[in-house]
Structure formats: C-alpha cells, structure tokens
$ cat my_file34.txt   # compact mmCIF, C-alpha atoms and all ligand atoms
# COMPACT_ATOMS: atom_id res chain seq x y z
CA MET A 18 9.76 9.27 16.41
CA SER A 19 13.08 7.60 15.90
CA ASN A 20 11.65 4.31 14.66
CA ALA A 21 9.68 5.89 11.77
CA LEU A 22 10.75 4.03 8.65
CA LEU A 23 8.70 6.35 6.44
CA LYS A 24 7.80 9.87 7.44
CA LEU A 25 5.56 12.44 5.75
CA ASP A 26 5.86 15.98 6.98
CA ASP A 27 3.43 18.67 5.77
CA VAL A 28 3.12 17.24 2.25
CA HIS A 29 1.16 19.27 -0.32
CA THR A 30 0.39 17.85 -3.77
CA TYR A 31 -1.50 19.42 -6.67
CA LEU A 32 -3.07 17.68 -9.65
CA GLY A 33 -3.39 20.37 -12.25
CA ASP A 34 -4.65 23.38 -10.28
CA SER A 35 -6.41 21.26 -7.66
CA HIS A 36 -4.82 21.24 -4.22
CA ILE A 37 -5.40 17.53 -3.54
CA ILE A 38 -3.06 16.84 -0.59
CA GLN A 39 -3.17 19.74 1.85
CA GLY A 40 -0.43 19.37 4.44
CA VAL A 41 -0.42 15.67 5.29
CA SER A 42 1.90 14.41 8.03
CA PHE A 43 2.20 10.92 9.48
CA ASP A 44 4.76 8.25 10.34
CA VAL A 45 4.94 4.59 9.44
CA PRO A 46 6.99 2.86 12.16
CA ALA A 47 9.13 -0.13 11.26
CA GLY A 48 7.31 -3.46 11.57
CA LYS A 49 3.85 -1.91 11.78
CA VAL A 50 0.80 -1.84 9.54
CA VAL A 51 -0.63 1.65 9.09
CA ALA A 52 -3.98 1.96 7.30
CA LEU A 53 -4.92 5.06 5.36
CA LEU A 54 -8.71 5.27 5.19
CA GLY A 55 -11.03 7.77 3.56
CA ARG A 56 -13.86 8.15 1.12
CA ASN A 57 -13.48 8.07 -2.64
CA GLY A 58 -11.44 11.05 -3.73
CA ALA A 59 -10.05 11.78 -0.25
CA GLY A 60 -6.51 11.69 -1.64
CA LYS A 61 -5.33 8.25 -0.58
CA THR A 62 -3.92 7.15 -3.92
CA THR A 63 -2.39 10.58 -4.48
CA THR A 64 -0.60 10.21 -1.13
CA LEU A 65 0.93 6.90 -2.25
CA ARG A 66 1.85 8.36 -5.64
CA SER A 67 3.48 11.31 -3.84
CA ILE A 68 5.64 8.92 -1.79
CA MET A 69 6.75 7.16 -5.00
CA ARG A 70 7.19 10.53 -6.71
CA MET A 71 4.88 9.51 -9.52
CA VAL A 72 3.50 12.97 -8.78
CA GLN A 73 5.75 15.68 -7.35
CA PRO A 74 4.67 17.16 -4.03
CA ARG A 75 4.93 20.94 -4.16
CA ARG A 76 5.79 21.34 -0.48
CA GLY A 77 6.79 19.28 2.51
CA ARG A 78 9.19 16.42 3.12
CA ILE A 79 9.00 12.69 2.71
CA THR A 80 11.82 10.73 4.31
CA PHE A 81 12.58 7.02 4.19
CA GLU A 82 15.09 5.64 6.70
CA GLY A 83 15.93 9.26 7.46
CA ARG A 84 16.74 10.04 3.84
CA ASP A 85 14.85 12.78 1.96
CA LEU A 86 13.23 11.33 -1.17
CA ALA A 87 13.04 14.72 -2.92
CA GLY A 88 14.64 14.63 -6.35
CA MET A 89 14.77 10.84 -6.52
CA PRO A 90 13.20 9.13 -9.54
CA THR A 91 10.46 6.56 -8.93
CA PHE A 92 12.69 3.61 -9.85
CA GLY A 93 15.31 4.85 -7.36
CA ILE A 94 12.69 4.97 -4.62
CA ALA A 95 11.63 1.44 -5.48
CA ARG A 96 15.24 0.32 -5.42
CA ALA A 97 15.76 1.99 -2.05
CA GLY A 98 13.19 -0.48 -0.68
CA ILE A 99 9.67 0.89 -1.16
CA ALA A 100 7.38 -1.48 -3.09
CA PHE A 101 4.13 -0.09 -4.49
CA VAL A 102 1.36 -2.61 -5.20
CA GLN A 103 -0.98 -0.58 -7.35
CA GLU A 104 -4.71 -0.98 -7.74
CA THR A 105 -4.20 -2.05 -11.34
CA ARG A 106 -2.08 -4.97 -10.11
CA ALA A 107 0.22 -4.51 -13.14
CA ILE A 108 0.64 -8.14 -14.15
CA PHE A 109 2.24 -9.10 -17.47
CA PRO A 110 -0.56 -11.00 -19.20
CA SER A 111 1.68 -12.80 -21.69
CA LEU A 112 3.87 -14.28 -18.95
CA SER A 113 3.15 -17.19 -16.63
CA VAL A 114 2.72 -16.73 -12.89
CA GLU A 115 6.25 -18.03 -12.34
CA GLU A 116 7.73 -15.73 -14.99
CA ASN A 117 5.88 -12.75 -13.51
CA ILE A 118 7.47 -13.47 -10.14
CA ALA A 119 10.90 -14.29 -11.57
CA ILE A 120 11.33 -10.99 -13.41
CA ALA A 121 10.46 -9.01 -10.27
CA SER A 122 12.93 -10.96 -8.13
CA ARG A 123 15.81 -9.04 -6.63
CA LYS A 124 18.13 -9.58 -3.71
CA GLY A 125 17.09 -6.29 -2.13
CA HIS A 126 17.16 -6.49 1.63
CA ALA A 127 18.24 -10.08 1.63
CA ALA A 128 17.65 -10.45 5.36
CA ASN A 129 13.95 -10.59 4.51
CA GLY A 130 14.72 -13.54 2.27
CA TRP A 131 11.67 -13.68 0.00
CA THR A 132 12.42 -16.32 -2.60
CA MET A 133 10.23 -18.11 -5.11
CA GLU A 134 10.10 -21.15 -2.77
CA ARG A 135 8.96 -19.07 0.17
CA ILE A 136 6.33 -17.33 -1.95
CA TYR A 137 4.91 -20.70 -2.99
CA GLU A 138 4.75 -21.79 0.66
CA ASP A 139 2.82 -18.69 1.69
CA PHE A 140 0.71 -18.41 -1.48
CA PRO A 141 -0.35 -22.00 -2.26
CA ASN A 142 -2.84 -20.73 -4.87
CA LEU A 143 0.05 -19.30 -6.86
CA ALA A 144 2.04 -22.51 -6.54
CA GLN A 145 -0.85 -24.42 -8.07
CA ARG A 146 -1.07 -21.95 -10.92
CA ARG A 147 2.61 -21.34 -11.52
CA ASN A 148 2.37 -22.28 -15.20
CA ASN A 149 -0.87 -20.42 -15.87
CA GLY A 150 -0.87 -17.15 -17.78
CA GLY A 151 -1.45 -13.90 -15.94
CA THR A 152 -4.83 -13.44 -17.59
CA GLN A 153 -6.11 -16.85 -16.48
CA LEU A 154 -6.11 -15.83 -12.84
CA SER A 155 -9.08 -14.77 -10.74
CA GLY A 156 -9.12 -11.27 -9.23
CA GLY A 157 -7.92 -12.62 -5.89
CA GLU A 158 -5.09 -14.57 -7.51
CA GLN A 159 -4.06 -11.48 -9.47
CA GLN A 160 -3.89 -9.53 -6.21
CA MET A 161 -1.79 -12.30 -4.64
CA LEU A 162 0.51 -12.31 -7.67
CA ALA A 163 0.91 -8.52 -7.44
CA MET A 164 1.85 -8.86 -3.76
CA ALA A 165 4.20 -11.76 -4.50
CA ARG A 166 5.97 -9.70 -7.17
CA ALA A 167 6.45 -6.87 -4.68
CA LEU A 168 7.78 -9.27 -2.03
CA VAL A 169 10.45 -10.92 -4.19
CA ALA A 170 12.00 -7.49 -4.70
CA ASN A 171 12.66 -7.76 -0.95
CA PRO A 172 11.48 -4.27 0.02
CA ARG A 173 11.63 -2.68 3.47
CA ILE A 174 8.07 -1.42 3.17
CA MET A 175 5.06 -2.21 1.00
CA LEU A 176 2.48 0.35 -0.07
CA LEU A 177 -0.76 -1.50 -0.84
CA ASP A 178 -3.47 0.37 -2.76
CA GLU A 179 -6.89 -1.16 -2.06
CA PRO A 180 -5.91 -4.83 -2.20
CA SER A 181 -9.52 -5.86 -1.41
CA GLU A 182 -11.03 -3.97 -4.32
CA GLY A 183 -13.54 -5.97 -6.34
CA LEU A 184 -12.94 -9.19 -4.40
CA ALA A 185 -15.52 -11.48 -2.77
CA PRO A 186 -15.61 -11.51 1.07
CA LEU A 187 -13.94 -14.91 1.32
CA ILE A 188 -11.05 -13.76 -0.85
CA VAL A 189 -10.76 -10.49 1.09
CA ARG A 190 -10.29 -12.63 4.20
CA GLN A 191 -7.49 -14.56 2.46
CA ILE A 192 -5.77 -11.30 1.55
CA ALA A 193 -6.13 -10.10 5.16
CA ASP A 194 -4.58 -13.38 6.36
CA ILE A 195 -1.64 -12.85 4.03
CA ILE A 196 -1.16 -9.30 5.32
CA MET A 197 -1.18 -10.62 8.90
CA LYS A 198 1.38 -13.27 7.97
CA LEU A 199 3.63 -10.66 6.37
CA LYS A 200 3.30 -8.50 9.46
CA GLN A 201 4.31 -11.42 11.67
CA ALA A 202 7.33 -11.87 9.41
CA GLY A 203 8.26 -8.25 10.17
CA MET A 204 7.11 -6.51 6.99
CA THR A 205 6.17 -2.83 7.34
CA MET A 206 3.05 -1.85 5.37
CA LEU A 207 1.06 1.24 4.46
CA LEU A 208 -2.38 0.04 3.46
CA VAL A 209 -4.93 2.14 1.57
CA GLU A 210 -8.41 0.67 1.89
CA GLN A 211 -12.12 1.29 1.45
CA ASN A 212 -12.92 -1.89 3.35
CA PHE A 213 -13.20 -0.68 6.95
CA ALA A 214 -13.53 -4.10 8.60
CA MET A 215 -10.57 -5.56 6.74
CA ALA A 216 -8.31 -2.56 7.32
CA THR A 217 -9.05 -2.24 11.03
CA ALA A 218 -8.58 -6.00 11.48
CA VAL A 219 -4.98 -5.84 10.27
CA ALA A 220 -3.80 -2.30 11.12
CA ASP A 221 -1.89 -1.23 14.22
CA HIS A 222 -2.62 2.39 13.50
CA VAL A 223 -5.20 4.17 11.33
CA ILE A 224 -5.00 7.55 9.61
CA VAL A 225 -8.32 8.99 8.41
CA LEU A 226 -7.94 11.22 5.39
CA GLY A 227 -10.70 13.61 4.31
CA LYS A 228 -10.52 16.20 1.54
CA GLY A 229 -6.75 16.01 1.46
CA ARG A 230 -6.11 16.38 5.19
CA VAL A 231 -5.54 14.06 8.13
CA ARG A 232 -8.80 14.28 10.09
CA TRP A 233 -8.09 11.70 12.75
CA SER A 234 -5.48 9.14 13.76
CA GLY A 235 -5.40 6.42 16.36
CA THR A 236 -5.70 2.68 16.84
CA SER A 237 -8.27 0.45 15.13
CA GLU A 238 -9.88 -0.09 18.51
CA GLU A 239 -10.25 3.66 19.07
CA LEU A 240 -11.69 4.19 15.59
CA ARG A 241 -14.39 1.57 16.15
CA LYS A 242 -15.57 3.68 19.11
CA ALA A 243 -15.21 7.06 17.34
CA ASP A 244 -18.71 7.07 15.83
CA GLU A 245 -18.72 10.66 14.70
CA ILE A 246 -15.40 10.40 12.87
CA ARG A 247 -16.53 7.22 11.14
CA HIS A 248 -19.84 8.76 10.06
CA THR A 249 -18.37 12.06 8.92
CA TRP A 250 -15.23 10.93 7.15
CA LEU A 251 -15.78 7.29 6.25
CA GLY A 252 -19.56 6.93 5.95
CA VAL A 253 -19.59 3.73 8.03
N1 LIG A 301 -5.52 15.06 -13.09
C1 LIG A 301 -6.30 15.50 -12.11
N2 LIG A 301 -6.59 16.82 -11.99
C2 LIG A 301 -7.37 17.28 -11.00
N3 LIG A 301 -7.91 16.50 -10.06
C3 LIG A 301 -7.66 15.17 -10.13
C4 LIG A 301 -6.86 14.60 -11.13
N4 LIG A 301 -6.79 13.26 -10.92
C5 LIG A 301 -7.53 13.01 -9.82
N5 LIG A 301 -8.07 14.14 -9.34
C6 LIG A 301 -8.89 14.27 -8.13
O1 LIG A 301 -8.06 14.11 -7.00
C7 LIG A 301 -8.82 13.65 -5.88
C8 LIG A 301 -8.04 12.61 -5.09
O2 LIG A 301 -7.89 11.43 -5.83
P1 LIG A 301 -7.27 10.11 -5.20
O3 LIG A 301 -7.26 9.07 -6.28
O4 LIG A 301 -6.01 10.39 -4.51
O5 LIG A 301 -8.35 9.74 -4.12
P2 LIG A 301 -8.52 8.41 -3.33
O6 LIG A 301 -8.76 8.80 -1.91
O7 LIG A 301 -7.40 7.47 -3.56
O8 LIG A 301 -9.81 7.83 -3.93
P3 LIG A 301 -9.99 6.53 -4.82
O9 LIG A 301 -10.40 5.50 -3.84
O10 LIG A 301 -11.10 6.93 -5.75
O11 LIG A 301 -8.70 6.24 -5.53
C9 LIG A 301 -10.13 13.16 -6.45
O12 LIG A 301 -11.14 14.08 -6.07
C10 LIG A 301 -9.92 13.20 -7.95
O13 LIG A 301 -11.13 13.54 -8.59

$ encode --input "my_file34.txt" --output "structure tokens" --more "lines below"
Ligand SMILES: Nc1ncnc2c1ncn2[C@@H]1O[C@H](COP(=O)(O)OP(=O)(O)OP(=O)(O)O)[C@@H](O)[C@H]1O
Amino acid sequence: MSNALLKLDDVHTYLGDSHIIQGVSFDVPAGKVVALLGRNGAGKTTTLRSIMRMVQPRRGRITFEGRDLAGMPTFGIARAGIAFVQETRAIFPSLSVEENIAIASRKGHAANGWTMERIYEDFPNLAQRRNNGGTQLSGGEQQMLAMARALVANPRIMLLDEPSEGLAPLIVRQIADIIMKLKQAGMTMLLVEQNFAMATAVADHVIVLGKGRVRWSGTSEELRKADEIRHTWLGV
C-alpha cells in the first residue's frame, strides 16, 4: 500500500527468552485510526515499544514514510514524527499544566500547527487548569495533558497506549471525542485499547492481536459481527 505512513513487516520481538511478538505485519495508512486490540499480555504494548525501538525487534522491518527505522534511537524516531503517549502518561508532577505543554512544544510538522492556543481550544479542561500542578489533575485530565504534550510536538502519527485505562465511562467518552476531533483534523493514530466499544467507535480499521500474532483484521463494523473472533481473542 503506497499510502502506508507506518508499516510493520514480519516483526519478531523477544523479551528475555520469551518470543512475545511472532511475525506481526500491518499498515497504518495516513489519516486513519487503526486500533490494536487484544487481551492482557497479547503483545500490544510490546508492539508499540518495538516501533519506538524501546525494545529491539530481532527480525522484520518497521518503516515510517518509507524509511527503515532499524538502528535509529528512540529520540530520533520521536523527532522523525512518531509520538508515543504511554500508559504511564509521563507528566512532570512539579510543573504546571502550561509548563508541561510548553516544554514538549516543537515546530515539528508545522503544517499540523498545534500550538498552545489551539490545545486550549480543543481541551477546555486543560485551559481551566493551566496553572495547576501535574499532580492536581484527575486521571482524565492527566490523559488529556499527555495527549496535548504529544500534539504540540507536531507529530505525523500518534501511538496511544490504552488512553481509556482507569477512567470513568463519561471521561472515556470525552477521550473518544478528542480522538475523533484529531482524526477530523487529519491526525494518523495507532490506538492500543482494552475498551472494545471505545476503540471500535473511533477506529477505521482494527487489528486483533493474540499471543503475539495478528489473528484477524478488518473494519470495526466487521468485527462487531465476527462473534467467534471476539469471543476467542478478545473475550467480549
Ligand atoms: N521482561 C519480560 N520478560 C519476559 N516476558 C515479559 C517481560 N515483560 C513482559 N513480558 C510478557 O510479555 C507479554 C506481552 O506483554 P505486553 O505488555 O506487550 O502485552 P499487552 O498486550 O500490551 O498487555 P497489557 O494490556 O497487559 O499491557 C506478556 O505476557 C508479559 O507477561
């Protein structure tokens, strides 16, 4: 596919002696949201960490805009335009909301034009709390701040690791709305989720991962009808 912004081709990753990712291949086309679903331990986070080269795949190729990421350090991959919003949300607790965003700000792909002003328009909760410390935020606000910090680096693609984790349903809906808004603004996203309803509501395409392999892929609509796949690999 010529419009694949990010491409994984037969990726194998080991953690210690365990063969965690066993030949994973998929594409993330520009402007689309691809969801990576699977049970606990299926290898979703390890896939994201392989893309960022926080772990080194032993075999296979990962290309971004046609360029092989092998041998690149994690910071180089981030600078090339891949933003990773980790489950830990990695907020600096001693800094204010505004300072957290400011230090992450970078021109990056300026055409995207994510500035502090634009962040405050799209994340009114953060605007209200701009002078609050990172630790004074709710879980949902911390997730929004983590996403805002990724956006102001003006990436080409965002990797989101379980943004809904630990959040109340109402807040999950707010996060889903933000993801939809980003998609409408043209942002490409690879979304790792446990929340089936949320992920299928926002994704154009779904990859089901099970025991380190791609077990199924298709549209959200198709997955809702694929009862056996859902039961076997997702438990929903
Ligand atoms: N250092 C390690 N050595 C061996 N196995 C590990 C190590 N770290 C994690 N694992 C195992 O790797 C597997 C994949 O983990 P991974 O975090 O990628 O799964 P996941 O699908 O993202 O699940 P989760 O939702 O729990 O993060 C798990 O079974 C985990 O127990």

$ atom_distance --input "my_file34.txt" --atom1 "CA of Val50 in chain A" --atom2 "CA of Ala163 in chain A"
18.2 Å

$ residues_around --input "my_file34.txt" --residues "Ala21 in chain A" --least-positions-apart "5" --cutoff "9 Å" --atoms "all atoms listed in the file" --output "PyMOL selection string"
chain A and resi 44-47+81-83

$ residues_near_ligand --input "my_file34.txt" --ligand "ligand LIG 301 (chain A)" --cutoff "10 Å" --atoms "all atoms listed in the file" --output "ChimeraX atom specification"
/A:30-38,53-67,104,178-179,182,209-211,226-229

$ residues_near_point --input "my_file34.txt" --point "(7.4, -10.3, -6.1)" --cutoff "6 Å" --atoms "only C-alpha atoms" --output "VMD selection string"
chain A and resid 118 121 to 122 165 to 170

$ atom_distance --input "my_file34.txt" --atom1 "CA of Gln191 in chain A" --atom2 "CA of Gly157 in chain A"
8.6 Å

$ residues_around --input "my_file34.txt" --residues "range 138-152 of chain A" --least-positions-apart "6" --cutoff "6 Å" --atoms "all atoms listed in the file" --output "MDAnalysis selection string"
chainID A and resid 110 112:115

$ write_last_selection --input "my_file34.txt" --atoms "C-alpha atoms" --output "tab-separated table (two decimals), keeping the file's coordinate frame"
chain	number	residue	atom	x	y	z
A	110	PRO	CA	-0.56	-11.00	-19.20
A	112	LEU	CA	3.87	-14.28	-18.95
A	113	SER	CA	3.15	-17.19	-16.63
A	114	VAL	CA	2.72	-16.73	-12.89
A	115	GLU	CA	6.25	-18.03	-12.34

$ closest_residue --input "my_file34.txt" --among "A:Asn171, A:Ala95, A:Met161, A:Leu240" --to "Thr132 in chain A" --atoms "all atoms listed in the file"
A:Asn171

$ closest_residue --input "my_file34.txt" --among "A:Leu23, A:Ala97, A:Ala52, A:Ile246" --to "Leu208 in chain A" --atoms "all atoms listed in the file"
A:Ala52

$ residues_around --input "my_file34.txt" --residues "Leu25 in chain A" --least-positions-apart "2" --cutoff "7 Å" --atoms "only C-alpha atoms" --output "list in words"
Leu23, Asp27, Val28, Val41, Ser42, Phe43, Asp44, Arg78, Ile79 and Thr80 of chain A

$ closest_residue --input "my_file34.txt" --among "A:Phe101, A:Ala119, A:Gln73, A:Gly48" --to "Gly88 in chain A" --atoms "all atoms listed in the file"
A:Gln73

$ residues_around --input "my_file34.txt" --residues "Ile174 in chain A" --least-positions-apart "2" --cutoff "8 Å" --atoms "all atoms listed in the file" --output "ChimeraX atom specification"
/A:98-100,172,176,204-207

$ atom_distance --input "my_file34.txt" --atom1 "CA of Ser181 in chain A" --atom2 "CA of Leu154 in chain A"
15.5 Å

$ closest_residue --input "my_file34.txt" --among "A:Met197, A:Gly77, A:Met164, A:Ile120" --to "Val102 in chain A" --atoms "all atoms listed in the file"
A:Met164

$ decode --input "my_file34.txt" --residues "range 75-96 of chain A" --atoms "N, CA and C atoms" --output "PDB file, in the first residue's frame"
ATOM      1  N   ARG A  75      13.951  -8.508  16.810  1.00  0.00           N
ATOM      2  CA  ARG A  75      15.056  -9.361  16.376  1.00  0.00           C
ATOM      3  C   ARG A  75      14.996  -9.614  14.868  1.00  0.00           C
ATOM      4  N   ARG A  76      13.792  -9.541  14.329  1.00  0.00           N
ATOM      5  CA  ARG A  76      13.615  -9.761  12.887  1.00  0.00           C
ATOM      6  C   ARG A  76      12.512  -8.879  12.365  1.00  0.00           C
ATOM      7  N   GLY A  77      12.497  -8.690  11.047  1.00  0.00           N
ATOM      8  CA  GLY A  77      11.423  -7.937  10.415  1.00  0.00           C
ATOM      9  C   GLY A  77      11.796  -6.483  10.190  1.00  0.00           C
ATOM     10  N   ARG A  78      10.873  -5.751   9.567  1.00  0.00           N
ATOM     11  CA  ARG A  78      11.134  -4.360   9.218  1.00  0.00           C
ATOM     12  C   ARG A  78      10.000  -3.465   9.691  1.00  0.00           C
ATOM     13  N   ILE A  79      10.372  -2.313  10.196  1.00  0.00           N
ATOM     14  CA  ILE A  79       9.378  -1.290  10.503  1.00  0.00           C
ATOM     15  C   ILE A  79       9.779  -0.046   9.724  1.00  0.00           C
ATOM     16  N   THR A  80       8.888   0.425   8.862  1.00  0.00           N
ATOM     17  CA  THR A  80       9.209   1.615   8.072  1.00  0.00           C
ATOM     18  C   THR A  80       8.193   2.717   8.356  1.00  0.00           C
ATOM     19  N   PHE A  81       8.705   3.947   8.350  1.00  0.00           N
ATOM     20  CA  PHE A  81       7.891   5.136   8.579  1.00  0.00           C
ATOM     21  C   PHE A  81       8.167   6.095   7.429  1.00  0.00           C
ATOM     22  N   GLU A  82       7.127   6.463   6.697  1.00  0.00           N
ATOM     23  CA  GLU A  82       7.279   7.262   5.484  1.00  0.00           C
ATOM     24  C   GLU A  82       8.308   6.626   4.556  1.00  0.00           C
ATOM     25  N   GLY A  83       8.292   5.310   4.491  1.00  0.00           N
ATOM     26  CA  GLY A  83       9.179   4.581   3.590  1.00  0.00           C
ATOM     27  C   GLY A  83      10.593   4.383   4.102  1.00  0.00           C
ATOM     28  N   ARG A  84      10.869   4.932   5.286  1.00  0.00           N
ATOM     29  CA  ARG A  84      12.235   4.884   5.814  1.00  0.00           C
ATOM     30  C   ARG A  84      12.340   3.806   6.900  1.00  0.00           C
ATOM     31  N   ASP A  85      13.338   2.946   6.791  1.00  0.00           N
ATOM     32  CA  ASP A  85      13.537   1.865   7.752  1.00  0.00           C
ATOM     33  C   ASP A  85      13.997   2.459   9.092  1.00  0.00           C
ATOM     34  N   LEU A  86      13.312   2.097  10.168  1.00  0.00           N
ATOM     35  CA  LEU A  86      13.652   2.659  11.477  1.00  0.00           C
ATOM     36  C   LEU A  86      14.760   1.886  12.191  1.00  0.00           C
ATOM     37  N   ALA A  87      15.224   0.792  11.578  1.00  0.00           N
ATOM     38  CA  ALA A  87      16.277  -0.019  12.205  1.00  0.00           C
ATOM     39  C   ALA A  87      17.501   0.839  12.498  1.00  0.00           C
ATOM     40  N   GLY A  88      18.049   0.674  13.683  1.00  0.00           N
ATOM     41  CA  GLY A  88      19.271   1.396  14.033  1.00  0.00           C
ATOM     42  C   GLY A  88      19.049   2.806  14.530  1.00  0.00           C
ATOM     43  N   MET A  89      17.794   3.287  14.454  1.00  0.00           N
ATOM     44  CA  MET A  89      17.549   4.646  14.954  1.00  0.00           C
ATOM     45  C   MET A  89      17.285   4.604  16.454  1.00  0.00           C
ATOM     46  N   PRO A  90      17.801   5.597  17.191  1.00  0.00           N
ATOM     47  CA  PRO A  90      17.490   5.673  18.621  1.00  0.00           C
ATOM     48  C   PRO A  90      16.051   6.161  18.821  1.00  0.00           C
ATOM     49  N   THR A  91      15.503   5.889  19.986  1.00  0.00           N
ATOM     50  CA  THR A  91      14.121   6.266  20.279  1.00  0.00           C
ATOM     51  C   THR A  91      13.888   7.772  20.084  1.00  0.00           C
ATOM     52  N   PHE A  92      14.823   8.600  20.542  1.00  0.00           N
ATOM     53  CA  PHE A  92      14.584  10.047  20.405  1.00  0.00           C
ATOM     54  C   PHE A  92      14.570  10.472  18.943  1.00  0.00           C
ATOM     55  N   GLY A  93      15.349   9.760  18.103  1.00  0.00           N
ATOM     56  CA  GLY A  93      15.370  10.055  16.663  1.00  0.00           C
ATOM     57  C   GLY A  93      14.050   9.692  16.017  1.00  0.00           C
ATOM     58  N   ILE A  94      13.456   8.597  16.486  1.00  0.00           N
ATOM     59  CA  ILE A  94      12.161   8.162  15.961  1.00  0.00           C
ATOM     60  C   ILE A  94      11.079   9.164  16.358  1.00  0.00           C
ATOM     61  N   ALA A  95      11.170   9.636  17.594  1.00  0.00           N
ATOM     62  CA  ALA A  95      10.224  10.663  18.041  1.00  0.00           C
ATOM     63  C   ALA A  95      10.388  11.929  17.201  1.00  0.00           C
ATOM     64  N   ARG A  96      11.638  12.299  16.964  1.00  0.00           N
ATOM     65  CA  ARG A  96      11.895  13.519  16.203  1.00  0.00           C
ATOM     66  C   ARG A  96      11.455  13.383  14.749  1.00  0.00           C
TER      67      ARG A  96
END
